[in-house]
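Student: Structure file run01.txt (compact mmCIF, C-alpha atoms) is given on the next line.
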```txt
# COMPACT_ATOMS: atom_id res chain seq x y z
CA GLN A 1 230.88 -21.13 36.25
CA ILE A 2 227.66 -20.52 38.12
CA GLU A 3 224.42 -20.95 36.25
CA VAL A 4 222.21 -18.11 37.35
CA LYS A 5 218.63 -19.13 38.02
CA GLN A 6 216.85 -16.48 40.13
CA TRP A 7 216.60 -12.82 41.05
CA VAL A 8 214.19 -10.20 42.48
CA HIS A 9 214.64 -6.91 44.25
CA GLN A 10 213.00 -4.67 46.72
CA ASP A 11 214.39 -4.39 50.18
CA ALA A 12 211.03 -3.73 51.76
CA HIS A 13 208.49 -6.53 51.87
CA GLU A 14 210.81 -9.08 50.31
CA SER A 15 208.57 -11.86 51.60
CA ASP A 16 205.79 -10.54 49.35
CA TYR A 17 207.61 -11.81 46.29
CA GLU A 18 207.63 -15.39 45.16
CA VAL A 19 211.02 -16.86 44.41
CA ASP A 20 211.05 -16.91 40.62
CA PRO A 21 214.59 -17.14 39.22
CA PHE A 22 215.92 -15.94 35.93
CA ASP A 23 217.56 -18.68 33.95
CA ARG A 24 221.00 -18.38 32.40
CA ASP A 25 219.73 -17.17 29.03
CA GLU A 26 217.65 -14.46 30.70
CA VAL A 27 220.58 -13.23 32.78
CA ASN A 28 222.76 -13.02 29.69
CA ALA A 29 220.02 -11.20 27.79
CA ILE A 30 219.65 -8.67 30.60
CA LEU A 31 223.36 -8.01 31.00
CA ASN A 32 224.04 -7.86 27.26
CA THR A 33 221.27 -5.28 26.89
CA ALA A 34 222.49 -3.09 29.75
CA GLU A 35 224.99 -0.34 29.00
CA SER A 36 228.22 0.66 30.79
CA LEU A 37 227.40 1.73 34.36
CA GLU A 38 224.12 -0.17 34.32
CA ARG A 39 225.75 -3.41 33.23
CA ASN A 40 228.42 -3.15 35.90
CA PHE A 41 225.82 -2.57 38.58
CA PHE A 42 223.50 -5.42 37.67
CA GLN A 43 226.31 -7.88 37.00
CA PHE A 44 227.71 -7.13 40.44
CA CYS A 45 224.29 -7.66 42.00
CA PHE A 46 223.68 -10.96 40.22
CA PHE A 47 226.94 -12.40 41.52
CA THR A 48 226.95 -11.10 45.10
CA GLY A 49 223.30 -11.42 46.11
CA LEU A 50 223.39 -8.09 47.95
CA ARG A 51 220.26 -6.10 48.71
CA SER A 52 219.90 -2.90 46.67
CA SER A 53 220.24 -0.69 49.74
CA GLU A 54 223.55 -2.45 50.47
CA VAL A 55 224.91 -2.18 46.93
CA ILE A 56 224.24 1.52 46.49
CA ALA A 57 225.90 2.24 49.85
CA LEU A 58 229.16 0.54 48.87
CA LYS A 59 232.32 2.63 48.74
CA TRP A 60 235.64 1.76 47.17
CA GLU A 61 237.16 1.52 50.64
CA ASP A 62 234.89 -1.49 51.29
CA ILE A 63 236.64 -3.62 48.66
CA ASP A 64 239.38 -5.97 49.82
CA TRP A 65 241.21 -6.61 46.55
CA VAL A 66 243.80 -8.91 48.14
CA HIS A 67 241.23 -11.37 49.48
CA SER A 68 238.55 -10.72 46.83
CA GLN A 69 235.94 -9.68 49.38
CA VAL A 70 233.53 -6.83 49.94
CA LYS A 71 232.60 -5.63 53.41
CA ILE A 72 228.89 -4.98 53.92
CA LYS A 73 228.45 -2.53 56.80
CA ARG A 74 225.96 0.16 55.78
CA THR A 75 222.81 0.87 53.77
CA ARG A 76 221.55 3.84 51.77
CA VAL A 77 217.84 4.70 51.51
CA ASN A 78 216.18 8.00 50.53
CA ASN A 79 219.59 9.66 50.24
CA ILE A 80 220.36 8.78 53.86
CA GLU A 81 223.35 6.60 54.63
CA GLU A 82 223.16 4.51 57.77
CA GLU A 83 226.00 2.59 59.39
CA LYS A 84 223.78 -0.41 59.86
CA THR A 85 222.31 -3.27 57.84
CA LYS A 86 218.89 -4.91 57.77
CA THR A 87 219.78 -7.40 60.49
CA LYS A 88 222.77 -7.93 62.75
CA GLY A 89 223.84 -10.88 60.63
CA SER A 90 223.69 -8.76 57.49
CA LYS A 91 226.92 -7.00 58.46
CA ARG A 92 229.32 -9.38 56.77
CA GLU A 93 232.10 -10.03 54.31
CA VAL A 94 231.05 -11.43 50.95
CA MET A 95 233.36 -13.32 48.62
CA LEU A 96 233.59 -11.71 45.19
CA LEU A 97 233.03 -14.31 42.50
CA SER A 98 234.90 -13.66 39.25
CA PRO A 99 231.95 -11.98 37.43
CA ALA A 100 231.52 -9.57 40.36
CA LEU A 101 235.23 -8.74 40.34
CA GLU A 102 235.08 -8.21 36.60
CA ALA A 103 232.23 -5.71 37.03
CA LEU A 104 234.20 -3.83 39.70
CA LYS A 105 237.30 -3.59 37.54
CA ARG A 106 235.27 -2.09 34.70
CA GLN A 107 233.58 0.29 37.12
CA LYS A 108 236.92 1.69 38.31
CA SER A 109 237.25 3.82 35.19
CA TYR A 110 234.01 5.63 36.10
CA THR A 111 234.06 6.29 39.84
CA PHE A 112 237.29 5.05 41.43
CA LEU A 113 239.12 8.38 41.38
CA GLU A 114 236.26 10.00 43.26
CA GLY A 115 237.00 7.58 46.09
CA GLN A 116 233.44 7.41 47.36
CA TYR A 117 230.42 5.43 46.20
CA ILE A 118 231.17 2.69 43.72
CA PHE A 119 227.96 2.71 41.71
CA HIS A 120 226.30 5.73 40.14
CA ASP A 121 223.00 6.13 38.33
CA ARG A 122 223.64 5.95 34.58
CA LEU A 123 221.22 8.80 33.89
CA THR A 124 222.17 11.29 36.62
CA LYS A 125 225.86 10.28 36.82
CA GLN A 126 225.49 10.67 40.57
CA PRO A 127 225.36 8.12 43.42
CA PHE A 128 222.00 6.42 43.80
CA ILE A 129 219.63 8.11 46.24
CA GLY A 130 217.70 4.97 47.07
CA PRO A 131 216.54 1.54 45.84
CA TYR A 132 213.50 3.04 44.07
CA GLN A 133 215.85 4.27 41.33
CA ILE A 134 216.95 0.69 40.73
CA ALA A 135 213.36 -0.47 40.31
CA ALA A 136 212.68 2.15 37.63
CA ARG A 137 215.82 1.31 35.62
CA TRP A 138 215.20 -2.41 36.06
CA ARG A 139 211.72 -2.43 34.53
CA ALA A 140 212.89 -0.55 31.45
CA LEU A 141 215.90 -2.82 31.04
CA LEU A 142 213.88 -6.05 31.17
CA LYS A 143 211.41 -4.71 28.66
CA LYS A 144 214.23 -3.78 26.28
CA ALA A 145 215.86 -7.19 26.78
CA GLY A 146 212.60 -9.01 26.10
CA VAL A 147 212.66 -10.76 29.48
CA CYS A 148 209.47 -11.38 31.44
CA TYR A 149 209.33 -8.91 34.31
CA ARG A 150 210.12 -9.97 37.85
CA ASN A 151 210.91 -7.63 40.70
CA PRO A 152 214.61 -6.71 41.09
CA TYR A 153 214.87 -8.65 44.37
CA GLN A 154 214.90 -11.77 42.21
CA MET A 155 218.57 -11.06 41.51
CA ARG A 156 219.29 -11.97 45.13
CA HIS A 157 217.17 -15.10 44.79
CA THR A 158 218.98 -15.99 41.56
CA TYR A 159 222.32 -15.75 43.28
CA ALA A 160 221.34 -18.01 46.18
CA SER A 161 219.55 -20.67 44.18
CA SER A 162 222.36 -20.77 41.62
CA LEU A 163 225.02 -21.36 44.26
CA LEU A 164 223.00 -24.12 45.84
CA SER A 165 222.11 -25.80 42.57
CA GLN A 166 225.81 -25.95 41.74
CA GLY A 167 226.52 -27.74 45.00
CA GLU A 168 228.02 -24.93 47.08
CA ASN A 169 227.99 -25.44 50.85
CA MET A 170 224.67 -24.34 52.37
CA LEU A 171 226.23 -22.81 55.50
CA TRP A 172 228.63 -20.76 53.35
CA VAL A 173 225.74 -19.61 51.13
CA SER A 174 223.79 -18.61 54.23
CA LYS A 175 226.68 -16.47 55.47
CA GLN A 176 227.08 -14.88 52.05
CA MET A 177 223.40 -13.91 52.17
CA GLY A 178 223.69 -12.45 55.65
CA HIS A 179 221.61 -15.09 57.45
CA LYS A 180 222.67 -16.29 60.90
CA THR A 181 221.53 -19.86 60.30
CA THR A 182 220.72 -22.10 57.35
CA GLU A 183 217.01 -22.16 58.25
CA MET A 184 216.04 -19.29 55.95
CA VAL A 185 218.12 -20.67 53.08
CA MET A 186 216.66 -24.15 53.47
CA ARG A 187 213.10 -22.86 53.65
CA THR A 188 213.44 -20.51 50.70
CA TYR A 189 215.79 -22.37 48.39
CA GLY A 190 215.54 -25.99 49.48
CA LYS A 191 214.27 -27.22 46.14
CA TRP A 192 217.45 -26.00 44.43
CA ILE A 193 219.68 -28.09 46.66
CA PRO A 194 220.74 -31.16 44.65
CA ASP A 195 219.41 -34.45 45.94
CA ARG A 196 220.92 -37.26 43.94
CA SER A 197 219.48 -39.86 46.27
CA THR A 198 216.34 -40.00 44.16
CA LEU A 199 218.43 -41.18 41.23
CA THR A 200 221.34 -43.15 42.65
CA GLY A 201 220.36 -43.89 46.23
CA TYR A 202 221.70 -41.91 49.14
CA THR A 203 225.14 -42.84 50.50
CA PRO A 204 225.53 -42.20 54.25
CA LYS A 205 228.67 -40.31 55.27
CA ALA A 206 229.20 -42.12 58.57
CA ASP A 207 230.04 -45.79 59.08
CA TRP A 208 226.79 -46.77 60.76
CA GLY A 209 227.75 -50.46 60.61
CA SER A 210 230.15 -49.88 63.50
CA TYR A 211 227.70 -47.85 65.58
CA LEU A 212 226.44 -50.76 67.69
CA GLU A 213 228.49 -53.25 69.59
CA LYS A 214 228.69 -56.72 68.09
CA HIS A 215 225.72 -58.82 69.12
CA THR A 216 226.62 -62.29 70.38
```
Please go through the file and, once you have read it, give me the structure as structure tokens.

Tutor:
Amino acid sequence: QIEVKQWVHQDAHESDYEVDPFDRDEVNAILNTAESLERNFFQFCFFTGLRSSEVIALKWEDIDWVHSQVKIKRTRVNNIEEEKTKTKGSKREVMLLSPALEALKRQKSYTFLEGQYIFHDRLTKQPFIGPYQIAARWRALLKKAGVCYRNPYQMRHTYASSLLSQGENMLWVSKQMGHKTTEMVMRTYGKWIPDRSTLTGYTPKADWGSYLEKHT
């Protein structure tokens, strides 16, 4: 099971926030403090790495239950839904890890019959208008859980760094995050990529001994 190490959230100005992951105990404290709809929402975020504007725009029709995937194809900001994502590469299919699937299955009893948006605000019982609502709920939740505050975008960072630290393929992680190449992932999360060469010595994958012709 993935050990969660980082998370922050705010779709705008994400580069303004230092990558500062939550550790496993903090994630558990946060989720165990959250109630019903709130827990489902944040658990889903922690284990998909989606941006808030992407999560609140999700509809039940976007879930592929057979292949355990969710299709990311729109965003929702200021009560306006747009059939576009932050970048061209952000329109993608994301694998649903077991904790994310678990959150969705619990959420079905709340919003599935309505057939529209998956996640609703716990207080208004209505679909989220925009990411700013997440930020307000998030601050209160962390305070109640006794966890040092970091911006909600750190949930996305937690997801990425956790996958990498557990040895998941970097190219696959990059695609999950909606990046076209591994450059952004390497630059942002490089220190979470295991490097056992410092302990055991690096073992080359190729047979470099046969690279050159025999010297006579």

Student: How many Å separate CA of Asp121 (chain A) from CA of Arg39 (chain A)?

Tutor: 11.2 Å

Student: Looking at only C-alpha atoms, which of A:Tyr117, A:Tyr132, A:Tyr159, A:Tyr153 is the one that sits closest to Ile63 (chain A)?

Tutor: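 Residue with the minimum atom-to-atom distance to Ile63 (chain A): A:Tyr117.
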
Student: Can you tell me how far CA of Lys73 (chain A) sits from CA of Arg150 (chain A), in Å to one decimal?

Tutor: 27.4 Å

Student: Which one of A:Thr158, A:Asn32, A:Ser53, A:Asn169 sits closest to Arg74 (chain A) if you count all atoms listed in the file?

Tutor: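 With all atoms listed in the file as the atom set, the closest residue is A:Ser53.
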
Student: Got a sec: who's within 9 Å of Ser68 (chain A), counting all atoms listed in the file, leaving out chain neighbours fewer than 4 positions off, as an MDAnalysis selection string?

Tutor: chainID A and resid 63:64 94:98 101

Student: Would you work out the distance separating CA of Thr75 (chain A) from CA of Ala57 (chain A), expressed in Å to one decimal?

Tutor: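 Here the two named atoms are 5.2 Å from each other.
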
Student: Report as a list in words all protein, DNA and RNA residues lying within 10 Å of Phe128 (chain A), evaluated on only C-alpha atoms, omitting residues in the same chain fewer than 5 positions from it.

Tutor: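 Counting only the stated atoms, we get Ser52, Ser53, Val55, Ile56, Ala57, Arg76, Val77, Asn78, Asn79, Tyr117, Ile118, Phe119, His120, Asp121, Arg122, Gln133 and Ile134 of chain A.
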
Student: If I put a ball of radius 12 Å at (232.3, -1.8, 37.2) in the file's coordinates, which residues poke into it when counting only C-alpha atoms, written as a VMD selection string?

Tutor: chain A and resid 35 to 45 60 99 to 112 117 to 120 122

Student: Using only C-alpha atoms, pick whichever of A:His157, A:Asn28, A:Phe22, A:Arg137 has the shortest atom-to-atom distance to Thr124 (chain A).

Tutor: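 The answer is A:Arg137, which sits nearest to Thr124 (chain A).
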
Student: Show me, as JSON, the centre and edge lengths in Å to one decimal of the axis-aligned box that covers every listed atom of region 151-167 of chain A with 8 Å on each side.

Tutor:
```
{"center_x": 218.7, "center_y": -17.2, "center_z": 43.4, "size_x": 31.6, "size_y": 37.0, "size_z": 21.5}
```

Student: Considering all atoms listed in the file, state which residue in the set A:Met177, A:Ile30, A:Ile80, A:Leu50 is at the smallest distance from Pro127 (chain A).

Tutor: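 Residue with the minimum atom-to-atom distance to Pro127 (chain A): A:Ile80.
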
Student: Given all atoms listed in the file as the basis, pick out the residue of A:Gln154, A:Thr182, A:Gln176, A:Ser161 nearest to Asp20 (chain A).

Tutor: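 Selected residue with least distance to Asp20 (chain A): A:Gln154.
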
Student: Could you add whatever atoms are missing so that region 109-122 of chain A carries N, CA and C atoms, then write the result as an mmCIF file, in the coordinates of the input?

Tutor:
```cif
data_model
loop_
_atom_site.group_PDB
_atom_site.id
_atom_site.type_symbol
_atom_site.label_atom_id
_atom_site.label_comp_id
_atom_site.auth_asym_id
_atom_site.auth_seq_id
_atom_site.Cartn_x
_atom_site.Cartn_y
_atom_site.Cartn_z
ATOM 1 N N SER A 109 236.993 2.720 36.114
ATOM 2 C CA SER A 109 237.250 3.820 35.190
ATOM 3 C C SER A 109 236.202 4.932 35.312
ATOM 4 N N TYR A 110 235.078 4.644 35.966
ATOM 5 C CA TYR A 110 234.010 5.630 36.100
ATOM 6 C C TYR A 110 234.027 6.368 37.439
ATOM 7 N N THR A 111 234.256 5.660 38.530
ATOM 8 C CA THR A 111 234.060 6.290 39.840
ATOM 9 C C THR A 111 235.217 6.113 40.827
ATOM 10 N N PHE A 112 236.234 5.361 40.461
ATOM 11 C CA PHE A 112 237.290 5.050 41.430
ATOM 12 C C PHE A 112 238.038 6.289 41.905
ATOM 13 N N LEU A 113 238.347 7.195 41.010
ATOM 14 C CA LEU A 113 239.120 8.380 41.380
ATOM 15 C C LEU A 113 238.362 9.292 42.337
ATOM 16 N N GLU A 114 237.048 9.202 42.328
ATOM 17 C CA GLU A 114 236.260 10.000 43.260
ATOM 18 C C GLU A 114 236.391 9.465 44.678
ATOM 19 N N GLY A 115 236.710 8.174 44.791
ATOM 20 C CA GLY A 115 237.000 7.580 46.090
ATOM 21 C C GLY A 115 235.816 7.377 47.010
ATOM 22 N N GLN A 116 234.612 7.559 46.495
ATOM 23 C CA GLN A 116 233.440 7.410 47.360
ATOM 24 C C GLN A 116 232.583 6.228 46.897
ATOM 25 N N TYR A 117 231.338 6.502 46.572
ATOM 26 C CA TYR A 117 230.420 5.430 46.200
ATOM 27 C C TYR A 117 230.837 4.756 44.897
ATOM 28 N N ILE A 118 230.731 3.446 44.875
ATOM 29 C CA ILE A 118 231.170 2.690 43.720
ATOM 30 C C ILE A 118 230.220 2.846 42.534
ATOM 31 N N PHE A 119 228.927 2.727 42.798
ATOM 32 C CA PHE A 119 227.960 2.710 41.710
ATOM 33 C C PHE A 119 227.154 4.004 41.637
ATOM 34 N N HIS A 120 227.050 4.523 40.410
ATOM 35 C CA HIS A 120 226.300 5.730 40.140
ATOM 36 C C HIS A 120 225.151 5.433 39.189
ATOM 37 N N ASP A 121 224.119 6.236 39.254
ATOM 38 C CA ASP A 121 223.000 6.130 38.330
ATOM 39 C C ASP A 121 223.481 6.507 36.926
ATOM 40 N N ARG A 122 223.185 5.686 35.953
ATOM 41 C CA ARG A 122 223.640 5.950 34.580
ATOM 42 C C ARG A 122 223.072 7.244 34.021
#
```
